[in-house]
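Shown below: data_31.cif, with mmCIF, C-alpha atoms, pLDDT in the B column; chains and numbers go by the auth columns.
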data_final
loop_
_atom_site.group_PDB
_atom_site.id
_atom_site.type_symbol
_atom_site.label_atom_id
_atom_site.label_comp_id
_atom_site.label_asym_id
_atom_site.label_seq_id
_atom_site.Cartn_x
_atom_site.Cartn_y
_atom_site.Cartn_z
_atom_site.B_iso_or_equiv
_atom_site.auth_seq_id
_atom_site.auth_asym_id
ATOM 1 C CA GLU A 1 0.000 0.000 0.000 96.00 802 A
ATOM 2 C CA VAL A 2 1.273 3.433 -0.944 97.00 803 A
ATOM 3 C CA GLN A 3 1.261 5.664 2.098 98.00 804 A
ATOM 4 C CA LEU A 4 2.837 8.588 3.905 98.00 805 A
ATOM 5 C CA VAL A 5 3.044 8.238 7.670 98.00 806 A
ATOM 6 C CA GLN A 6 3.740 11.339 9.708 98.00 807 A
ATOM 7 C CA SER A 7 5.189 11.748 13.181 98.00 808 A
ATOM 8 C CA GLY A 8 2.912 12.352 16.145 98.00 809 A
ATOM 9 C CA ALA A 9 1.367 15.472 17.604 98.00 810 A
ATOM 10 C CA GLU A 10 3.667 18.012 19.246 98.00 811 A
ATOM 11 C CA VAL A 11 3.145 20.589 21.984 98.00 812 A
ATOM 12 C CA LYS A 12 5.867 23.214 22.170 98.00 813 A
ATOM 13 C CA LYS A 13 6.576 26.592 23.719 98.00 814 A
ATOM 14 C CA PRO A 14 7.253 29.763 21.706 98.00 815 A
ATOM 15 C CA GLY A 15 10.892 30.012 20.743 98.00 816 A
ATOM 16 C CA GLU A 16 11.503 26.257 20.761 98.00 817 A
ATOM 17 C CA SER A 17 12.680 24.329 17.720 98.00 818 A
ATOM 18 C CA LEU A 18 10.869 21.435 16.086 98.00 819 A
ATOM 19 C CA LYS A 19 11.335 18.917 13.286 98.00 820 A
ATOM 20 C CA ILE A 20 8.431 16.755 12.122 98.00 821 A
ATOM 21 C CA SER A 21 8.719 13.834 9.731 98.00 822 A
ATOM 22 C CA CYS A 22 6.915 12.090 6.904 98.00 823 A
ATOM 23 C CA LYS A 23 7.894 8.536 5.927 98.00 824 A
ATOM 24 C CA GLY A 24 6.873 7.115 2.575 98.00 825 A
ATOM 25 C CA SER A 25 6.328 3.451 1.806 97.00 826 A
ATOM 26 C CA GLY A 26 4.973 1.284 -0.960 97.00 827 A
ATOM 27 C CA TYR A 27 6.608 3.247 -3.791 97.00 828 A
ATOM 28 C CA SER A 28 9.966 4.647 -4.950 96.00 829 A
ATOM 29 C CA PHE A 29 10.271 7.544 -2.496 97.00 830 A
ATOM 30 C CA SER A 30 13.236 9.139 -4.269 96.00 831 A
ATOM 31 C CA THR A 31 11.376 9.704 -7.529 94.00 832 A
ATOM 32 C CA TYR A 32 8.361 11.671 -6.337 95.00 833 A
ATOM 33 C CA TRP A 33 8.252 15.266 -5.089 96.00 834 A
ATOM 34 C CA ILE A 34 6.974 15.571 -1.504 97.00 835 A
ATOM 35 C CA GLY A 35 5.186 18.740 -0.426 97.00 836 A
ATOM 36 C CA TRP A 36 4.019 20.237 2.865 98.00 837 A
ATOM 37 C CA VAL A 37 0.636 21.845 3.453 98.00 838 A
ATOM 38 C CA ARG A 38 -0.483 23.877 6.477 98.00 839 A
ATOM 39 C CA GLN A 39 -4.028 24.036 7.805 98.00 840 A
ATOM 40 C CA MET A 40 -4.549 26.398 10.703 98.00 841 A
ATOM 41 C CA PRO A 41 -7.549 25.603 12.925 96.00 842 A
ATOM 42 C CA GLY A 42 -10.801 26.117 11.040 95.00 843 A
ATOM 43 C CA THR A 43 -9.092 27.569 7.988 97.00 844 A
ATOM 44 C CA ALA A 44 -8.048 26.650 4.467 97.00 845 A
ATOM 45 C CA LEU A 45 -5.131 24.628 3.147 98.00 846 A
ATOM 46 C CA GLU A 46 -1.922 26.570 2.444 98.00 847 A
ATOM 47 C CA TRP A 47 0.936 25.460 0.198 97.00 848 A
ATOM 48 C CA MET A 48 4.296 25.647 1.995 97.00 849 A
ATOM 49 C CA GLY A 49 6.867 24.083 -0.296 97.00 850 A
ATOM 50 C CA ILE A 50 8.189 20.946 -1.907 96.00 851 A
ATOM 51 C CA ILE A 51 11.286 18.735 -2.062 97.00 852 A
ATOM 52 C CA TYR A 52 12.560 16.158 -4.530 96.00 853 A
ATOM 53 C CA PRO A 53 14.145 13.491 -2.311 96.00 854 A
ATOM 54 C CA GLY A 54 16.284 12.190 -5.151 94.00 855 A
ATOM 55 C CA ASP A 55 18.530 15.264 -5.171 95.00 856 A
ATOM 56 C CA SER A 56 17.046 17.412 -2.358 95.00 857 A
ATOM 57 C CA ASP A 57 15.975 20.126 -4.800 95.00 858 A
ATOM 58 C CA THR A 58 13.670 22.282 -2.650 96.00 859 A
ATOM 59 C CA ARG A 59 11.232 25.083 -3.473 95.00 860 A
ATOM 60 C CA TYR A 60 9.303 27.268 -1.045 95.00 861 A
ATOM 61 C CA SER A 61 6.109 29.246 -1.256 94.00 862 A
ATOM 62 C CA PRO A 62 7.014 32.951 -0.948 93.00 863 A
ATOM 63 C CA SER A 63 4.813 33.032 2.168 94.00 864 A
ATOM 64 C CA PHE A 64 6.955 30.418 3.936 96.00 865 A
ATOM 65 C CA GLN A 65 10.446 31.148 2.578 96.00 866 A
ATOM 66 C CA GLY A 66 12.727 31.765 5.552 97.00 867 A
ATOM 67 C CA GLN A 67 10.079 30.650 8.050 97.00 868 A
ATOM 68 C CA VAL A 68 10.601 26.878 7.783 98.00 869 A
ATOM 69 C CA THR A 69 13.124 24.427 6.374 98.00 870 A
ATOM 70 C CA ILE A 70 12.177 21.426 4.259 98.00 871 A
ATOM 71 C CA SER A 71 14.659 18.569 4.013 98.00 872 A
ATOM 72 C CA GLY A 72 14.767 14.883 3.238 97.00 873 A
ATOM 73 C CA ASP A 73 16.729 11.666 3.665 96.00 874 A
ATOM 74 C CA LYS A 74 16.138 9.321 0.752 96.00 875 A
ATOM 75 C CA SER A 75 18.039 6.511 2.487 96.00 876 A
ATOM 76 C CA ILE A 76 15.178 6.195 4.976 97.00 877 A
ATOM 77 C CA SER A 77 12.382 7.464 2.691 97.00 878 A
ATOM 78 C CA THR A 78 11.644 10.393 4.965 98.00 879 A
ATOM 79 C CA ALA A 79 10.949 14.083 4.465 98.00 880 A
ATOM 80 C CA TYR A 80 11.107 16.699 7.187 98.00 881 A
ATOM 81 C CA LEU A 81 9.662 20.077 8.056 98.00 882 A
ATOM 82 C CA GLN A 82 11.438 22.099 10.697 98.00 883 A
ATOM 83 C CA TRP A 83 11.291 25.351 12.613 98.00 884 A
ATOM 84 C CA SER A 84 14.158 27.014 14.456 98.00 885 A
ATOM 85 C CA SER A 85 11.984 29.238 16.631 98.00 886 A
ATOM 86 C CA LEU A 86 8.291 28.476 16.886 98.00 887 A
ATOM 87 C CA LYS A 87 5.592 31.110 17.291 98.00 888 A
ATOM 88 C CA ALA A 88 2.031 30.750 18.535 98.00 889 A
ATOM 89 C CA SER A 89 0.887 31.427 14.969 97.00 890 A
ATOM 90 C CA ASP A 90 2.576 28.178 13.855 98.00 891 A
ATOM 91 C CA THR A 91 -0.187 26.255 15.643 98.00 892 A
ATOM 92 C CA ALA A 92 -1.741 24.166 12.888 98.00 893 A
ATOM 93 C CA MET A 93 -2.153 20.762 11.302 98.00 894 A
ATOM 94 C CA TYR A 94 0.642 19.999 8.851 98.00 895 A
ATOM 95 C CA TYR A 95 0.201 17.499 6.028 98.00 896 A
ATOM 96 C CA CYS A 96 2.840 15.986 3.803 98.00 897 A
ATOM 97 C CA VAL A 97 1.674 15.149 0.287 98.00 898 A
ATOM 98 C CA ARG A 98 3.009 13.215 -2.683 98.00 899 A
ATOM 99 C CA LEU A 99 3.022 15.001 -6.014 96.00 900 A
ATOM 100 C CA GLN A 100 1.851 12.719 -8.813 93.00 901 A
ATOM 101 C CA LYS A 101 2.812 13.823 -12.299 93.00 902 A
ATOM 102 C CA TYR A 102 0.208 12.242 -14.529 88.00 903 A
ATOM 103 C CA CYS A 103 2.012 13.198 -17.754 85.00 904 A
ATOM 104 C CA GLY A 104 4.740 10.716 -16.898 78.00 905 A
ATOM 105 C CA GLY A 105 7.447 13.311 -17.352 79.00 906 A
ATOM 106 C CA ASP A 106 8.473 16.776 -16.206 83.00 907 A
ATOM 107 C CA CYS A 107 5.187 18.585 -15.728 87.00 908 A
ATOM 108 C CA PRO A 108 3.058 19.876 -12.853 92.00 909 A
ATOM 109 C CA GLY A 109 0.948 17.403 -10.962 93.00 910 A
ATOM 110 C CA ALA A 110 -1.603 16.846 -8.228 96.00 911 A
ATOM 111 C CA PHE A 111 -1.343 15.633 -4.644 97.00 912 A
ATOM 112 C CA ASP A 112 -2.543 12.054 -4.777 97.00 913 A
ATOM 113 C CA ILE A 113 -1.324 10.718 -1.432 98.00 914 A
ATOM 114 C CA TRP A 114 -1.708 12.598 1.860 98.00 915 A
ATOM 115 C CA GLY A 115 -0.179 11.848 5.226 98.00 916 A
ATOM 116 C CA GLN A 116 -2.498 11.643 8.218 98.00 917 A
ATOM 117 C CA GLY A 117 -1.338 15.050 9.438 98.00 918 A
ATOM 118 C CA THR A 118 0.767 16.222 12.388 98.00 919 A
ATOM 119 C CA MET A 119 -0.865 18.644 14.811 98.00 920 A
ATOM 120 C CA VAL A 120 1.583 21.221 16.149 98.00 921 A
ATOM 121 C CA THR A 121 0.470 23.311 19.121 98.00 922 A
ATOM 122 C CA VAL A 122 2.620 26.231 20.243 98.00 923 A
ATOM 123 C CA SER A 123 1.591 27.733 23.558 97.00 924 A
ATOM 124 C CA SER A 124 3.259 29.231 26.563 96.00 925 A
ATOM 125 C CA GLN B 1 0.850 34.467 -4.404 78.00 1216 B
ATOM 126 C CA SER B 2 -2.739 34.893 -3.198 92.00 1217 B
ATOM 127 C CA ALA B 3 -5.143 32.087 -2.451 96.00 1218 B
ATOM 128 C CA LEU B 4 -7.627 31.179 -5.157 98.00 1219 B
ATOM 129 C CA THR B 5 -11.123 32.482 -4.411 98.00 1220 B
ATOM 130 C CA GLN B 6 -13.944 30.051 -3.678 98.00 1221 B
ATOM 131 C CA PRO B 7 -17.425 30.722 -2.285 98.00 1222 B
ATOM 132 C CA PRO B 8 -17.507 29.953 1.452 98.00 1223 B
ATOM 133 C CA SER B 9 -20.505 27.678 1.147 97.00 1224 B
ATOM 134 C CA ALA B 10 -22.770 25.822 -1.264 98.00 1225 B
ATOM 135 C CA SER B 11 -25.705 23.518 -0.713 97.00 1226 B
ATOM 136 C CA GLY B 12 -28.179 21.258 -2.431 96.00 1227 B
ATOM 137 C CA SER B 13 -30.734 18.580 -1.727 97.00 1228 B
ATOM 138 C CA PRO B 14 -29.980 14.903 -2.290 97.00 1229 B
ATOM 139 C CA GLY B 15 -30.022 14.107 -5.982 97.00 1230 B
ATOM 140 C CA GLN B 16 -29.451 17.706 -7.033 97.00 1231 B
ATOM 141 C CA SER B 17 -26.253 19.229 -8.428 97.00 1232 B
ATOM 142 C CA VAL B 18 -23.967 21.811 -6.888 98.00 1233 B
ATOM 143 C CA THR B 19 -21.205 23.749 -8.654 98.00 1234 B
ATOM 144 C CA ILE B 20 -18.268 25.380 -6.892 98.00 1235 B
ATOM 145 C CA SER B 21 -16.158 28.064 -8.556 98.00 1236 B
ATOM 146 C CA CYS B 22 -12.440 28.668 -8.086 98.00 1237 B
ATOM 147 C CA THR B 23 -11.137 31.991 -9.361 98.00 1238 B
ATOM 148 C CA GLY B 24 -7.460 32.706 -9.794 98.00 1239 B
ATOM 149 C CA THR B 25 -5.369 34.860 -12.085 97.00 1240 B
ATOM 150 C CA SER B 26 -3.598 34.673 -15.428 95.00 1241 B
ATOM 151 C CA SER B 27 -0.511 33.496 -13.490 95.00 1242 B
ATOM 152 C CA ASP B 28 -2.096 30.352 -12.116 96.00 1243 B
ATOM 153 C CA VAL B 29 -5.527 29.014 -13.138 97.00 1244 B
ATOM 154 C CA GLY B 30 -5.562 30.999 -16.361 97.00 1245 B
ATOM 155 C CA ASP B 31 -2.068 29.945 -17.411 95.00 1246 B
ATOM 156 C CA TYR B 32 -2.055 26.216 -16.683 95.00 1247 B
ATOM 157 C CA ASN B 33 -4.376 23.256 -17.150 96.00 1248 B
ATOM 158 C CA TYR B 34 -3.202 21.900 -13.815 97.00 1249 B
ATOM 159 C CA VAL B 35 -6.130 22.551 -11.534 98.00 1250 B
ATOM 160 C CA SER B 36 -6.992 19.888 -8.991 98.00 1251 B
ATOM 161 C CA TRP B 37 -9.770 19.497 -6.448 98.00 1252 B
ATOM 162 C CA TYR B 38 -9.728 17.941 -2.984 98.00 1253 B
ATOM 163 C CA GLN B 39 -12.482 16.747 -0.672 98.00 1254 B
ATOM 164 C CA GLN B 40 -11.961 16.975 3.093 98.00 1255 B
ATOM 165 C CA HIS B 41 -14.303 15.467 5.644 98.00 1256 B
ATOM 166 C CA PRO B 42 -14.120 16.787 9.229 97.00 1257 B
ATOM 167 C CA GLY B 43 -11.048 15.565 11.060 96.00 1258 B
ATOM 168 C CA LYS B 44 -9.676 13.798 7.988 97.00 1259 B
ATOM 169 C CA ALA B 45 -6.907 14.437 5.512 98.00 1260 B
ATOM 170 C CA PRO B 46 -7.981 15.801 2.123 98.00 1261 B
ATOM 171 C CA LYS B 47 -8.523 13.415 -0.784 98.00 1262 B
ATOM 172 C CA LEU B 48 -7.802 14.091 -4.465 98.00 1263 B
ATOM 173 C CA ILE B 49 -10.972 13.955 -6.568 98.00 1264 B
ATOM 174 C CA ILE B 50 -10.060 15.850 -9.782 98.00 1265 B
ATOM 175 C CA TYR B 51 -6.698 16.496 -11.448 97.00 1266 B
ATOM 176 C CA GLU B 52 -5.677 18.332 -14.613 97.00 1267 B
ATOM 177 C CA VAL B 53 -8.951 20.314 -14.583 97.00 1268 B
ATOM 178 C CA SER B 54 -11.316 17.472 -15.410 97.00 1269 B
ATOM 179 C CA LYS B 55 -9.735 14.042 -14.877 97.00 1270 B
ATOM 180 C CA ARG B 56 -10.815 11.699 -12.104 98.00 1271 B
ATOM 181 C CA PRO B 57 -8.452 9.378 -10.227 96.00 1272 B
ATOM 182 C CA SER B 58 -9.417 5.741 -10.133 96.00 1273 B
ATOM 183 C CA GLY B 59 -12.186 5.113 -7.642 96.00 1274 B
ATOM 184 C CA VAL B 60 -13.696 8.607 -7.692 97.00 1275 B
ATOM 185 C CA PRO B 61 -17.361 8.494 -8.777 96.00 1276 B
ATOM 186 C CA ASP B 62 -18.259 10.113 -12.090 96.00 1277 B
ATOM 187 C CA ARG B 63 -20.682 12.335 -10.184 97.00 1278 B
ATOM 188 C CA PHE B 64 -17.653 14.586 -9.720 98.00 1279 B
ATOM 189 C CA SER B 65 -16.642 16.629 -12.755 98.00 1280 B
ATOM 190 C CA GLY B 66 -14.395 19.596 -13.390 98.00 1281 B
ATOM 191 C CA SER B 67 -14.008 22.315 -15.985 98.00 1282 B
ATOM 192 C CA LYS B 68 -12.196 25.583 -16.588 98.00 1283 B
ATOM 193 C CA SER B 69 -12.820 28.810 -18.452 97.00 1284 B
ATOM 194 C CA GLY B 70 -10.247 31.574 -18.385 97.00 1285 B
ATOM 195 C CA ASN B 71 -9.143 32.277 -14.836 97.00 1286 B
ATOM 196 C CA THR B 72 -11.995 30.300 -13.240 98.00 1287 B
ATOM 197 C CA ALA B 73 -12.223 26.568 -12.653 98.00 1288 B
ATOM 198 C CA SER B 74 -15.345 24.772 -11.483 98.00 1289 B
ATOM 199 C CA LEU B 75 -16.248 21.552 -9.714 98.00 1290 B
ATOM 200 C CA THR B 76 -19.701 20.071 -10.173 98.00 1291 B
ATOM 201 C CA VAL B 77 -21.114 17.390 -7.921 98.00 1292 B
ATOM 202 C CA SER B 78 -24.119 15.763 -9.552 97.00 1293 B
ATOM 203 C CA GLY B 79 -26.659 13.525 -7.835 97.00 1294 B
ATOM 204 C CA LEU B 80 -25.676 14.825 -4.403 97.00 1295 B
ATOM 205 C CA GLN B 81 -25.399 12.225 -1.702 97.00 1296 B
ATOM 206 C CA ALA B 82 -25.150 12.623 2.066 97.00 1297 B
ATOM 207 C CA GLU B 83 -21.494 11.548 2.022 97.00 1298 B
ATOM 208 C CA ASP B 84 -20.642 14.455 -0.311 97.00 1299 B
ATOM 209 C CA GLU B 85 -21.082 16.844 2.605 98.00 1300 B
ATOM 210 C CA ALA B 86 -17.519 18.077 3.147 98.00 1301 B
ATOM 211 C CA ASP B 87 -15.109 20.916 2.516 98.00 1302 B
ATOM 212 C CA TYR B 88 -13.777 21.225 -1.027 98.00 1303 B
ATOM 213 C CA TYR B 89 -10.535 22.915 -2.050 98.00 1304 B
ATOM 214 C CA CYS B 90 -9.181 23.730 -5.478 98.00 1305 B
ATOM 215 C CA SER B 91 -5.489 24.007 -6.234 98.00 1306 B
ATOM 216 C CA SER B 92 -3.546 25.291 -9.214 98.00 1307 B
ATOM 217 C CA TYR B 93 0.031 25.154 -10.409 97.00 1308 B
ATOM 218 C CA ALA B 94 1.521 28.640 -10.172 95.00 1309 B
ATOM 219 C CA GLY B 95 4.867 28.205 -11.898 91.00 1310 B
ATOM 220 C CA SER B 96 8.401 27.415 -10.657 88.00 1311 B
ATOM 221 C CA ASN B 97 7.272 24.264 -8.841 88.00 1312 B
ATOM 222 C CA ASN B 98 4.868 26.280 -6.707 92.00 1313 B
ATOM 223 C CA TYR B 99 1.204 25.621 -6.104 96.00 1314 B
ATOM 224 C CA VAL B 100 -1.652 27.582 -4.578 97.00 1315 B
ATOM 225 C CA PHE B 101 -4.832 26.403 -2.855 98.00 1316 B
ATOM 226 C CA GLY B 102 -8.278 27.907 -2.802 98.00 1317 B
ATOM 227 C CA THR B 103 -10.069 29.412 0.171 98.00 1318 B
ATOM 228 C CA GLY B 104 -12.307 26.363 0.501 98.00 1319 B
ATOM 229 C CA THR B 105 -16.044 25.740 0.150 98.00 1320 B
ATOM 230 C CA LYS B 106 -18.252 23.945 2.641 98.00 1321 B
ATOM 231 C CA VAL B 107 -20.848 21.854 0.849 98.00 1322 B
ATOM 232 C CA THR B 108 -24.004 21.070 2.806 97.00 1323 B
ATOM 233 C CA VAL B 109 -26.482 18.403 1.720 97.00 1324 B
ATOM 234 C CA LEU B 110 -29.877 19.658 2.828 95.00 1325 B
#
How would this structure read if it were set down as structure tokens?
Amino acid sequence: EVQLVQSGAEVKKPGESLKISCKGSGYSFSTYWIGWVRQMPGTALEWMGIIYPGDSDTRYSPSFQGQVTISGDKSISTAYLQWSSLKASDTAMYYCVRLQKYCGGDCPGAFDIWGQGTMVTVSS
Amino acid sequence: QSALTQPPSASGSPGQSVTISCTGTSSDVGDYNYVSWYQQHPGKAPKLIIYEVSKRPSGVPDRFSGSKSGNTASLTVSGLQAEDEADYYCSSYAGSNNYVFGTGTKVTVL
């Protein structure tokens, strides 16, 4: 079964650092882009950025550039999202997603597999 | 980049149809035929239901259909069923390996 399994919920204080993970299985992890999506409580999905695990090529949404770091380790089929100094406004559910390119080549795609989500709560 | 604009809510009775719009710009929806739609039930992760404007992944009922005209994409749910009650989000490619989501629409089955 193709799936993305994310790390568990986190409760942190403002100013703390955090790294959450997303492990892929059931497919060739290195050959699919993995993205991250934020959903603040009761609000819409927001695109954060994407990484190609094969060569760690990473792109960020302008809204999240400099606010988070996306990384990956293809040897263990895992992508990461990290913060160096959390704020209360980072409280949200974070989803990792697999980008499926239906053209079979270098083209945009759609997010066909979603992780179960990691809830991050930042509160003093 | 700004979020794509969707109506906050839409509703219909069982068996009826509901159409949700998704308005972007000439830099995203208007420039690429890479609009996708996602269904999210409360407390669950979203699920892909339409990709490349109008294509359905395997297993998605043909009651779901998509289209696009200019800077606006649309999702139509025909023959509404109780289980279609959910939040729906559009997404578009926006260039340079970036994507943008819509503001979301809550569909209520009356």
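Taken over the whole file, the PyMOL selection byres ((chain A) within 8 of (chain B)) covers exactly Ala845, Leu846, Glu847, Trp848, Gly850, Ile851, Arg860, Tyr861, Ser862, Pro863, Ser864, Tyr896, Pro909, Gly910, Ala911, Phe912, Asp913, Ile914, Trp915, Gly916, Gln917 and Gly918 of chain A.
When CA of Ser808 (chain A) is paired with CA of Ser878 (chain A), their separation reads 13.4 Å.
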List as a VMD selection string the protein and nucleic acid residues near region 832-837 of chain A, meaning an atom at most 9 Å away when all atoms listed in the file are counted, but skip any in the same chain fewer than 4 places from it. chain A and resid 828 847 to 855 871 880 882 895 to 902 912
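Minimum atom-to-atom distance to Ser1232 (chain B), evaluated using only C-alpha atoms, belongs to B:Arg1278 out of B:Lys1270, B:Lys1321, B:Arg1278, B:His1256.
Checking B:Pro1257, B:Gly1245, B:Gly1230, B:Gly1274 one by one against Val1292 (chain B), counting all atoms listed in the file, you find the shortest gap at B:Gly1230.
Atom pair CA of Val923 (chain A) / CA of Pro815 (chain A): separated by 6.0 Å.
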Nearest to Val1275 (chain B) by atom-to-atom distance, counting only C-alpha atoms, from B:Gln1254, B:Ser1226, B:Gln1221, B:Thr1234: B:Gln1254
The PyMOL selection byres ((chain A and resi 884-893) around 7) resolved against shown file, as a PDB file with C-alpha atoms, in the coordinates of the input:
ATOM      1  CA  PRO A 815       7.253  29.763  21.706  1.00 98.00           C
ATOM      2  CA  GLY A 816      10.892  30.012  20.743  1.00 98.00           C
ATOM      3  CA  GLU A 817      11.503  26.257  20.761  1.00 98.00           C
ATOM      4  CA  SER A 818      12.680  24.329  17.720  1.00 98.00           C
ATOM      5  CA  LEU A 819      10.869  21.435  16.086  1.00 98.00           C
ATOM      6  CA  LYS A 820      11.335  18.917  13.286  1.00 98.00           C
ATOM      7  CA  ARG A 839      -0.483  23.877   6.477  1.00 98.00           C
ATOM      8  CA  GLN A 840      -4.028  24.036   7.805  1.00 98.00           C
ATOM      9  CA  MET A 841      -4.549  26.398  10.703  1.00 98.00           C
ATOM     10  CA  PRO A 842      -7.549  25.603  12.925  1.00 96.00           C
ATOM     11  CA  VAL A 869      10.601  26.878   7.783  1.00 98.00           C
ATOM     12  CA  THR A 870      13.124  24.427   6.374  1.00 98.00           C
ATOM     13  CA  GLN A 883      11.438  22.099  10.697  1.00 98.00           C
ATOM     14  CA  MET A 894      -2.153  20.762  11.302  1.00 98.00           C
ATOM     15  CA  TYR A 895       0.642  19.999   8.851  1.00 98.00           C
ATOM     16  CA  MET A 920      -0.865  18.644  14.811  1.00 98.00           C
ATOM     17  CA  VAL A 921       1.583  21.221  16.149  1.00 98.00           C
ATOM     18  CA  THR A 922       0.470  23.311  19.121  1.00 98.00           C
ATOM     19  CA  VAL A 923       2.620  26.231  20.243  1.00 98.00           C
ATOM     20  CA  SER A 924       1.591  27.733  23.558  1.00 97.00           C
TER      21      SER A 924
END
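With CA of Gln807 (chain A) on one side and CA of Asp858 (chain A) on the other, the separation reads 20.9 Å.
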Kindly provide, as AutoDock Vina command-line options, the centre and edge lengths (Å, one decimal) of an axis-aligned box around all atoms of region 1260-1275 of chain B given in the file, with 3 Å on each side.
--center_x -9.7 --center_y 12.7 --center_z -4.9 --size_x 14.0 --size_y 21.2 --size_z 26.9
Do you know which residues are at most 9 Å from Pro1229 (chain B) counting only C-alpha atoms, after dropping those on the same chain fewer than 2 positions away, and could you put them as a ChimeraX atom specification? /B:1227,1231-1232,1294-1297,1324-1325
Run through the PyMOL selection byres ((chain B and resi 1284-1287) around 10) on the given coordinates and return the selected residues as a PyMOL selection string. chain B and resi 1219-1221+1236-1247+1250+1282-1283+1288-1289
From the block I gave, I'd like region 818-835 of chain A written with N, CA and C atoms, as a JSON list (two decimals), in the first residue's frame.
[["chain", "number", "residue", "atom", "x", "y", "z"],
["A", 818, "SER", "N", 12.51, 24.87, 19.07],
["A", 818, "SER", "CA", 12.68, 24.33, 17.72],
["A", 818, "SER", "C", 11.90, 23.03, 17.58],
["A", 819, "LEU", "N", 11.65, 22.64, 16.33],
["A", 819, "LEU", "CA", 10.87, 21.43, 16.09],
["A", 819, "LEU", "C", 11.17, 20.89, 14.70],
["A", 820, "LYS", "N", 11.18, 19.57, 14.59],
["A", 820, "LYS", "CA", 11.33, 18.92, 13.29],
["A", 820, "LYS", "C", 10.32, 17.79, 13.24],
["A", 821, "ILE", "N", 9.40, 17.82, 12.28],
["A", 821, "ILE", "CA", 8.43, 16.75, 12.12],
["A", 821, "ILE", "C", 8.77, 15.96, 10.86],
["A", 822, "SER", "N", 8.30, 14.71, 10.81],
["A", 822, "SER", "CA", 8.72, 13.83, 9.73],
["A", 822, "SER", "C", 7.56, 13.22, 8.97],
["A", 823, "CYS", "N", 7.89, 12.69, 7.81],
["A", 823, "CYS", "CA", 6.91, 12.09, 6.90],
["A", 823, "CYS", "C", 7.61, 10.94, 6.20],
["A", 824, "LYS", "N", 7.23, 9.71, 6.50],
["A", 824, "LYS", "CA", 7.89, 8.54, 5.93],
["A", 824, "LYS", "C", 7.03, 7.90, 4.86],
["A", 825, "GLY", "N", 7.59, 7.74, 3.68],
["A", 825, "GLY", "CA", 6.87, 7.11, 2.57],
["A", 825, "GLY", "C", 7.15, 5.62, 2.49],
["A", 826, "SER", "N", 6.14, 4.89, 2.02],
["A", 826, "SER", "CA", 6.33, 3.45, 1.81],
["A", 826, "SER", "C", 5.42, 2.98, 0.68],
["A", 827, "GLY", "N", 5.79, 1.86, 0.10],
["A", 827, "GLY", "CA", 4.97, 1.28, -0.96],
["A", 827, "GLY", "C", 5.25, 1.83, -2.34],
["A", 828, "TYR", "N", 6.24, 2.69, -2.48],
["A", 828, "TYR", "CA", 6.61, 3.25, -3.79],
["A", 828, "TYR", "C", 8.05, 3.73, -3.73],
["A", 829, "SER", "N", 8.59, 4.15, -4.88],
["A", 829, "SER", "CA", 9.97, 4.65, -4.95],
["A", 829, "SER", "C", 10.02, 6.08, -4.44],
["A", 830, "PHE", "N", 10.34, 6.23, -3.16],
["A", 830, "PHE", "CA", 10.27, 7.54, -2.50],
["A", 830, "PHE", "C", 11.12, 8.60, -3.20],
["A", 831, "SER", "N", 12.29, 8.18, -3.70],
["A", 831, "SER", "CA", 13.24, 9.14, -4.27],
["A", 831, "SER", "C", 12.74, 9.82, -5.53],
["A", 832, "THR", "N", 11.77, 9.23, -6.19],
["A", 832, "THR", "CA", 11.38, 9.70, -7.53],
["A", 832, "THR", "C", 10.08, 10.49, -7.56],
["A", 833, "TYR", "N", 9.56, 10.83, -6.40],
["A", 833, "TYR", "CA", 8.36, 11.67, -6.34],
["A", 833, "TYR", "C", 8.63, 12.89, -5.45],
["A", 834, "TRP", "N", 8.20, 14.07, -5.92],
["A", 834, "TRP", "CA", 8.25, 15.27, -5.09],
["A", 834, "TRP", "C", 7.33, 15.07, -3.88],
["A", 835, "ILE", "N", 7.78, 15.58, -2.73],
["A", 835, "ILE", "CA", 6.97, 15.57, -1.50],
["A", 835, "ILE", "C", 6.76, 17.02, -1.07]]
